[in-house]
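To keep things clear, I will list the structure first and then write my remarks on it.
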Amino acid sequence: MKDRESKKRIGRSYWANIWRKFKKNKLAIFGLVFVFILIFLGILAPWLAPYPYDEVHYEAVWTPPNRQFWAGTDQLGRDIFSRLLYSLRNAVFVGLGAQTFITFIGVTVGLIAGFYGGKIDNILMRIVDIIYSFPSYLLNIILVLVLGRGYFSIFIAISATGWAGMARLVRGQTLSVRGREFIEAARASGASNGRIMFRYILPNIIGPIIYAIFSGIPGVMLLESGLSLIGLGVRPPMPSWGLMISEATGQFLYNPYMLLAPAGMLVLTLLSFNFVAFGLRDALSARE
Amino acid sequence: MEPLLNIEDLRVYFYRPEGVLKAVDGLSYKLYRGEVLGIVGESGSGKSVSVLSILKLLPTNGKIESGSIIFDGKNILNLSKEELRDLRGKDIGIVFQDPMSSLNPVITIGQQVMEPLLWHNLCSKSEAYERAKEMLGMVGIPLPEERMKEYPFQFSGGMRQRVMIALALICRPKLLIADEPTTSLDVTIQAQIIRLLKRMKKEFGMSVILITHNLALTTNFCDRLIIMYAGNMMETGKTKDILYNPAHPYTKSLLDAVPDIEVEKDLVPIPGSIPSLIDPPNGCRFHPRCPLAMDICKEEVPPLFNIDTDHYSACWLHRRA
Amino acid sequence: MALYIVKRLGWIVFNLLVLSLIAFALIKSIPGSFLELQVLLGQAGTGAAGLTVSEIDKIKGVETEMMKRWGETVPLWEQYITFIKGVVTLNMGPSFRWPTQTIEEIIARTFPVSFTIAILAITIAIFIGIPLGVIAALKQNTWIDYLVSALVMIVSAIPNYVMAVFVIFLFSFWIPILPTYGWGHPKNYILPVLAMSFGPIGSIAGYMRTSLLDALKQDYIRTAWAKGGTERYVIFGHAMRNSLIPLVTILGPMISHLILGTVFVEGMFGVPGMGQYFSQAANSRDYPLMMAQTVIFGLILMIMNLIVDIIYFFLDPRIRVSRR
């Protein structure tokens, strides 16, 4: 039975352990499954939606959910369910897209700052501090105004302020890993700085980065829907949850589903990502 | 004479997802007033767990399965929460292994030393302040008046351990438990701490249980020893007897593994490793690593054989036909 | 300590300058121009905008003022200097969108509103969130814990403008006791503050729970039990102190989030705060107001962060003592 013990211990790699702990958290698994479903639905929205998102049905405005319109219709008779799917698509685009930008920029800056230290670190972190102290929502709004409405400007707007948090995190992690012996060893064997950063340091700090990504996506989605709420998101009639919510608030009494549907979907999506993020955090921190 | 502490057939189990970990499985011993008892064993032998049980300070998944712990005539396992609280810190003081983490970093040292007095309503705040200052001086902390206001991070490891000893003894307990007090300290400091403990024992006369994995620390301080392995007691007796006439193969292996400055000899490590406590070996738990293991050792747990006056060893080798 | 504050203030000034420059550059590049103002003035001329005579006069005066500050003939760098000088001396000229009012008037009127809402919201969040978190931690893994944790998670995922609608629905239609729209009475504060505080309640409760649970696992808590502590002494005298300190670190970003978040919520309640004025300004390209508000918001944020850092400094002896 001693052999059984040692076999159990040997086979466990770092990731297998984390995955095992993550699996135990039922909420987290549920969240992960849901996230995949949502992404899947989002990408396939144009093919899955029963109606185009801008098709009006004047004869059926403000209908509650029924067999024809699964989530009812809005004030122009557009099918809410289809609009939900397209909003999901937008949210997935913006959420994953902007977060990708943020991750790229933030990780690069953080690695460089943490790795080189000294003056470079000081300057980069000063820039991060400055950005951190800006009122980000306001700048997002301004940037969208400057760049005009549309996906790309939302990406740019959100990433322009969002990378700072990621950079700080990555820098901190880099600093804690930088002193370890295997980095010395890599350097001694002639690895270039870039190689050390990306092939040695980065894989060792990827845990917290993944957590930051998963907890950042809800933030990005909230930003996007906030922008849509005040009329600066994607161009209508292309829907977005924020837009749908703002259209629905005035009409809450006529058709409460107009509000509940996008609000509910938004919350569900955010929750799923949050569950995954919580599960990740527990799995990563309780390391033996 | 009535023993101060009487432990009988103590079993402490931990309930883990992998299974039930039998950390202490049938431990019995007595401690008399004024005695210094050393409990020696490797990590995982159950030595810490056995004393933590005395104060019921086990982590949440630990449970005292069976057995009895009688302190000063009272059965600890039957005490109410209030009665137990009354014992802790006042009649029984405990010093933990890691002084770095055992003191609250955001509360002053003075406050933390005063707390046992205040929490048991033994005196007023101003009197507690004076006594704490006095205690810090006794444990060898210079300028106690100023250091009372300082925080743990401003103290070195050895100093922190002295503070721990101070707060464990400030209510003049009948029993002091020192759970590996020197393990996380520098070697030079270790001797100082043991000397301090000796001095305190002489000053206050309480009984002491010293837990350590380092036999050398017990030589000048402990009256009696208990050698533990994998949750069971292997040997017990007067310190001199055990060190010079070890009876149990495990004790002998421990002594063989200790370098001797006078005699040049090979260091003989004990082969193998500590067994799993979830699925311990049958019979004598040491048998997989014992050079003298016999067939019966694999099947039946050896009882304690009386080898000499006050010297017992749990090994089938001592069985007379 | 004093030196630290001075240094931070220095950086705040620097950051604000950078912010103002960026805001100026960006806002100036927004496509579109003065047009709204011309339209408004044109309307004023025909009396269509419903303005009084004195207001029309004021607007005529405004036009010259605008030309002086923002006209196309004025070079950009000079516009910037005027802008900065204006912010510092609190003389920022009239707003495009509301030409009868100067920017400083608008800000002076709207800022306290938003700020009050944000501060009230965070205060409520602290007073409700911390006890909730503590209860959840102490009753860990019982139904109370699960209930609180579940509520906390769900509530913190709902954005405040959605919460706003629910709150409106709940307290104005279902149980019609509170006014939803309109301003002037303390009663009007209740719903917006409520809507904004749910998110922070969730975050604070969640964080407090984790923080307290972490603290309770520590060795020094075991020492406290071993010294004969009661629940009161060990949990409230020891563990709470350790767990409250890290909580302060999330308060800073949270306050910022709240102050900025008013942008989205004020519209729904008709609250005349800075947030609503900003989003309306954005929609009508009211550059001067936007620029000024950005800088003011930035200043508030930076000062709040500084205050939080100072509080943290006083709370954590490890930082306080070693700085001497």
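Each chain of the structure tokens is named A, B, ... in the order shown, its residues numbered from 1; ligands are numbered from 1 in display order.
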Once you count only C-alpha atoms, which residues of chain B turn out to be within 9 Å of chain A? Could you give them as number ranges by chain?
B: 275-276, 279
Next, the residues of the selection above should be written as a PDB file, in the first residue's frame with C-alpha atoms.
ATOM      1  CA  PRO B 275       4.086   4.836   7.427  1.00  0.00           C
ATOM      2  CA  SER B 276       0.767   6.184   6.320  1.00  0.00           C
ATOM      3  CA  ASP B 279      -3.554   2.746   6.587  1.00  0.00           C
TER       4      ASP B 279
END
Given only C-alpha atoms, how would the per-residue table for chain C near chain B read, listing every residue at most 9 Å away with its closest atom pair and distance in Å to one decimal, sorted by chain and number, as JSON lines?
{"residue": "C:Gln218", "atom": "CA", "partner": "B:Ser101", "partner_atom": "CA", "distance": 7.3}
{"residue": "C:Asp219", "atom": "CA", "partner": "B:Ser102", "partner_atom": "CA", "distance": 4.8}
{"residue": "C:Tyr220", "atom": "CA", "partner": "B:Ser102", "partner_atom": "CA", "distance": 4.1}
{"residue": "C:Ile221", "atom": "CA", "partner": "B:Asn104", "partner_atom": "CA", "distance": 7.6}
{"residue": "C:Arg222", "atom": "CA", "partner": "B:Leu57", "partner_atom": "CA", "distance": 7.2}
{"residue": "C:Thr223", "atom": "CA", "partner": "B:Ser102", "partner_atom": "CA", "distance": 6.1}
{"residue": "C:Ala224", "atom": "CA", "partner": "B:Gln112", "partner_atom": "CA", "distance": 8.6}
{"residue": "C:Trp225", "atom": "CA", "partner": "B:Arg88", "partner_atom": "CA", "distance": 7.6}
{"residue": "C:Ala226", "atom": "CA", "partner": "B:Arg88", "partner_atom": "CA", "distance": 5.4}
{"residue": "C:Lys227", "atom": "CA", "partner": "B:Gly89", "partner_atom": "CA", "distance": 3.9}
{"residue": "C:Gly228", "atom": "CA", "partner": "B:Arg88", "partner_atom": "CA", "distance": 4.6}
{"residue": "C:Gly229", "atom": "CA", "partner": "B:Trp119", "partner_atom": "CA", "distance": 6.2}
{"residue": "C:Thr230", "atom": "CA", "partner": "B:Arg85", "partner_atom": "CA", "distance": 7.3}
{"residue": "C:Tyr233", "atom": "CA", "partner": "B:Trp119", "partner_atom": "CA", "distance": 8.0}
{"residue": "C:His238", "atom": "CA", "partner": "B:Asn104", "partner_atom": "CA", "distance": 7.4}
{"residue": "C:Ala239", "atom": "CA", "partner": "B:Asn104", "partner_atom": "CA", "distance": 8.8}
{"residue": "C:Arg241", "atom": "CA", "partner": "B:Val106", "partner_atom": "CA", "distance": 7.4}
{"residue": "C:Asn242", "atom": "CA", "partner": "B:Val106", "partner_atom": "CA", "distance": 6.8}
{"residue": "C:Leu315", "atom": "CA", "partner": "B:Val106", "partner_atom": "CA", "distance": 8.7}
{"residue": "C:Asp316", "atom": "CA", "partner": "B:Val106", "partner_atom": "CA", "distance": 6.7}
{"residue": "C:Pro317", "atom": "CA", "partner": "B:Val106", "partner_atom": "CA", "distance": 5.9}
{"residue": "C:Arg318", "atom": "CA", "partner": "B:Val106", "partner_atom": "CA", "distance": 7.2}
{"residue": "C:Val321", "atom": "CA", "partner": "B:Tyr151", "partner_atom": "CA", "distance": 8.6}
{"residue": "C:Ser322", "atom": "CA", "partner": "B:Gln154", "partner_atom": "CA", "distance": 8.7}
So, with only C-alpha atoms as the atoms that count, which of A:Leu268, A:Leu169, A:Ile80, A:Ile154 lies closest to chain C?
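Of A:Leu268, A:Leu169, A:Ile80, A:Ile154, the one nearest chain C is A:Leu268, counting only C-alpha atoms.
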To test your reading of the structure, identify every residue in segment 76-165 of chain B that backbone DSSP assigns to helix (DSSP H, G or I), and report it as a ChimeraX atom specification.
/B:76-78,81-87,99-102,109-119,125-138,144-147,152-154,157-165
Would you pick out the contacts of Leu77 of chain B at 9 Å or less, using only C-alpha atoms, so that residues sharing its chain but fewer than 6 positions from it are not included, and give the list as a list of chain:residue names?
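Here the qualifying residues turn out to be B:Ile54, B:Lys56, B:Ile64, B:Gly67, B:Ser68, B:Ile69, B:Ile70.
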Once you have the residues from the selection above, write them out as a compact mmCIF listing (two decimals), in the first residue's frame, restricted to N, CA and C atoms.
# COMPACT_ATOMS: atom_id res chain seq x y z
N ILE B 54 -4.87 17.82 24.90
CA ILE B 54 -5.06 18.12 26.32
C ILE B 54 -5.85 19.41 26.48
N LYS B 56 -7.67 20.61 23.97
CA LYS B 56 -8.69 20.58 22.91
C LYS B 56 -8.47 21.70 21.90
N ILE B 64 -11.18 13.71 19.18
CA ILE B 64 -10.68 12.78 20.18
C ILE B 64 -11.64 11.61 20.22
N GLY B 67 -10.67 7.41 24.94
CA GLY B 67 -9.61 7.54 25.92
C GLY B 67 -9.97 8.60 26.93
N SER B 68 -9.11 8.82 27.89
CA SER B 68 -9.40 9.84 28.88
C SER B 68 -8.17 10.67 29.18
N ILE B 69 -8.42 11.92 29.47
CA ILE B 69 -7.34 12.83 29.84
C ILE B 69 -7.75 13.44 31.17
N ILE B 70 -7.06 13.08 32.24
CA ILE B 70 -7.44 13.59 33.55
C ILE B 70 -6.37 14.55 34.04
Write out as a list in words the residues lying within 10 Å of Ala186 of chain A, counting only C-alpha atoms and excluding same-chain residues fewer than 3 positions away.
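My list of contacting residues is Glu181, Phe182, Ile183, Ser189, Gly190, Ala191, Ser192, Asn193, Arg195, Ile196, Arg199 and Tyr200 of chain A.
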Keeping N, CA and C atoms for every residue in the selection just given, could you write it to a file as a CSV table (one decimal), in the first residue's frame?
chain,number,residue,atom,x,y,z
A,181,GLU,N,16.0,30.1,-8.8
A,181,GLU,CA,17.2,29.6,-9.4
A,181,GLU,C,17.1,29.2,-10.9
A,182,PHE,N,15.9,28.7,-11.3
A,182,PHE,CA,15.8,28.2,-12.6
A,182,PHE,C,15.9,29.4,-13.6
A,183,ILE,N,15.6,30.6,-13.2
A,183,ILE,CA,15.9,31.8,-14.0
A,183,ILE,C,17.4,32.0,-14.2
A,189,SER,N,22.5,29.4,-19.3
A,189,SER,CA,22.6,28.6,-20.5
A,189,SER,C,22.4,29.4,-21.7
A,190,GLY,N,22.4,30.7,-21.6
A,190,GLY,CA,22.5,31.6,-22.8
A,190,GLY,C,21.1,32.0,-23.3
A,191,ALA,N,20.1,31.9,-22.5
A,191,ALA,CA,18.8,32.3,-23.1
A,191,ALA,C,18.7,33.8,-23.1
A,192,SER,N,18.1,34.3,-24.2
A,192,SER,CA,17.9,35.8,-24.3
A,192,SER,C,16.9,36.3,-23.3
A,193,ASN,N,16.9,37.5,-23.1
A,193,ASN,CA,15.9,38.1,-22.1
A,193,ASN,C,14.5,37.8,-22.5
A,195,ARG,N,13.4,35.5,-24.3
A,195,ARG,CA,13.0,34.1,-24.1
A,195,ARG,C,12.8,33.8,-22.7
A,196,ILE,N,13.6,34.3,-21.8
A,196,ILE,CA,13.4,34.1,-20.4
A,196,ILE,C,12.0,34.5,-19.9
A,199,ARG,N,9.2,32.4,-22.0
A,199,ARG,CA,9.2,30.9,-21.9
A,199,ARG,C,9.4,30.4,-20.5
A,200,TYR,N,10.0,31.2,-19.7
A,200,TYR,CA,10.3,30.7,-18.3
A,200,TYR,C,9.4,31.4,-17.3
Each residue of chain C with at least one atom at most 9 Å from chain A should appear once, together with its nearest atom pair and the corresponding distance in Å (one decimal); atoms considered: only C-alpha atoms; ordering: chain, then increasing residue number; output as CSV.
residue,atom,partner,partner_atom,distance
C:Trp11,CA,A:Ile130,CA,8.9
C:Ile12,CA,A:Ser133,CA,8.7
C:Phe14,CA,A:Ile130,CA,8.8
C:Asn15,CA,A:Ile130,CA,5.7
C:Leu16,CA,A:Phe134,CA,8.4
C:Val18,CA,A:Ile130,CA,8.1
C:Leu19,CA,A:Phe134,CA,6.9
C:Ala23,CA,A:Leu139,CA,7.5
C:Leu26,CA,A:Val146,CA,6.6
C:Ile27,CA,A:Ile142,CA,6.6
C:Lys28,CA,A:Val146,CA,8.6
C:Ser29,CA,A:Val146,CA,6.1
C:Ile30,CA,A:Val146,CA,4.3
C:Pro31,CA,A:Val146,CA,6.6
C:Met153,CA,A:Leu271,CA,7.5
C:Ile154,CA,A:Leu271,CA,6.8
C:Ser156,CA,A:Leu271,CA,8.9
C:Ala157,CA,A:Val267,CA,5.9
C:Ile158,CA,A:Val267,CA,5.6
C:Pro159,CA,A:Leu222,CA,7.0
C:Tyr161,CA,A:Gly226,CA,8.3
C:Val162,CA,A:Ala263,CA,6.5
C:Val165,CA,A:Thr249,CA,6.9
C:Phe169,CA,A:Phe252,CA,8.4
C:Ser256,CA,A:Pro135,CA,7.8
C:His257,CA,A:Pro135,CA,8.8
C:Leu260,CA,A:Tyr137,CA,6.7
C:Gly261,CA,A:Tyr137,CA,8.0
C:Val263,CA,A:Tyr137,CA,8.5
C:Phe264,CA,A:Gly226,CA,6.7
C:Gly267,CA,A:Ile230,CA,8.7
C:Met268,CA,A:Thr249,CA,8.1
C:Phe278,CA,A:Leu138,CA,8.3
C:Ser279,CA,A:Ile230,CA,6.7
C:Gln280,CA,A:Ile230,CA,8.6
C:Ala282,CA,A:Ile142,CA,7.5
C:Asn283,CA,A:Gly231,CA,7.9
C:Arg285,CA,A:Leu145,CA,8.7
C:Met290,CA,A:Ile142,CA,8.6
C:Gln293,CA,A:Leu138,CA,9.0
C:Thr294,CA,A:Leu138,CA,6.6
C:Val295,CA,A:Pro135,CA,8.7
C:Phe297,CA,A:Pro135,CA,6.5
C:Gly298,CA,A:Pro135,CA,5.4
C:Leu299,CA,A:Phe134,CA,8.7
C:Leu301,CA,A:Ser133,CA,6.7
C:Met302,CA,A:Ser133,CA,5.9
C:Asn305,CA,A:Ser133,CA,8.4
Near-Pro302 of chain B list (10 Å; only C-alpha atoms; drop same-chain fewer than 4 positions) as JSON, numbers by chain
{"B": [234, 283, 284, 285, 296, 297, 298, 313, 314, 315, 316, 317, 318, 319]}
With a distance cut-off of 8 Å and only C-alpha atoms, select the neighbouring residues of Met197 of chain A, excluding the residue or stretch itself and same-chain residues fewer than 3 positions from it, and output the selection as a PyMOL selection string.
chain A and resi 111-112+115+193-194+200-202
Go ahead and save the picked residues with C-alpha atoms, as a compact mmCIF listing (two decimals), in the first residue's frame.
# COMPACT_ATOMS: atom_id res chain seq x y z
CA LEU A 111 6.79 41.28 -17.68
CA ILE A 112 9.12 43.97 -18.94
CA PHE A 115 12.00 41.66 -15.34
CA ASN A 193 15.92 38.12 -22.13
CA GLY A 194 12.84 37.80 -24.24
CA TYR A 200 10.30 30.71 -18.34
CA ILE A 201 8.64 33.36 -16.24
CA LEU A 202 5.30 33.57 -17.96
Residue list (strand (DSSP E or B), DSSP) for segment 46-286 of chain B, as a PyMOL selection string
chain B and resi 62-71+74-75+88+92-95+175-179+207-212+224-229+232-238
Need to verify the contact set: Phe69 of chain A, 8 Å, only C-alpha atoms, exclusion of same-chain residues closer than 3 positions in sequence. Can you return it as a compact mmCIF listing (two decimals) with C-alpha atoms, in the first residue's frame?
# COMPACT_ATOMS: atom_id res chain seq x y z
CA PRO A 65 -43.30 35.47 -24.25
CA ASN A 66 -45.26 33.09 -26.40
CA GLY A 72 -41.76 38.47 -26.25
CA THR A 73 -41.33 41.59 -28.32
CA ASP A 79 -38.21 39.57 -31.25
CA ILE A 80 -36.47 39.93 -27.92
CA PHE A 81 -35.04 36.44 -27.98
Tell me which of C:Ile319, C:Val87, C:Val134, C:Ile119 sits closest to Leu213 of chain C, counting only C-alpha atoms.
C:Val134
Between A:Trp15, A:Ile156, A:Leu96, A:Phe22, which has the minimum distance to Asn204 of chain A (counting only C-alpha atoms)?
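Among A:Trp15, A:Ile156, A:Leu96, A:Phe22, it is A:Trp15 that comes nearest to Asn204 of chain A.
Rounded to one decimal, atom CA of Gly38 of chain B and atom CA of Leu243 of chain B lie 12.3 Å from each other.
Considering the residues B:Leu175, B:Leu31, B:Leu197, B:Leu277 and counting only C-alpha atoms, Ser43 of chain B has its shortest atom-to-atom contact with B:Leu277.
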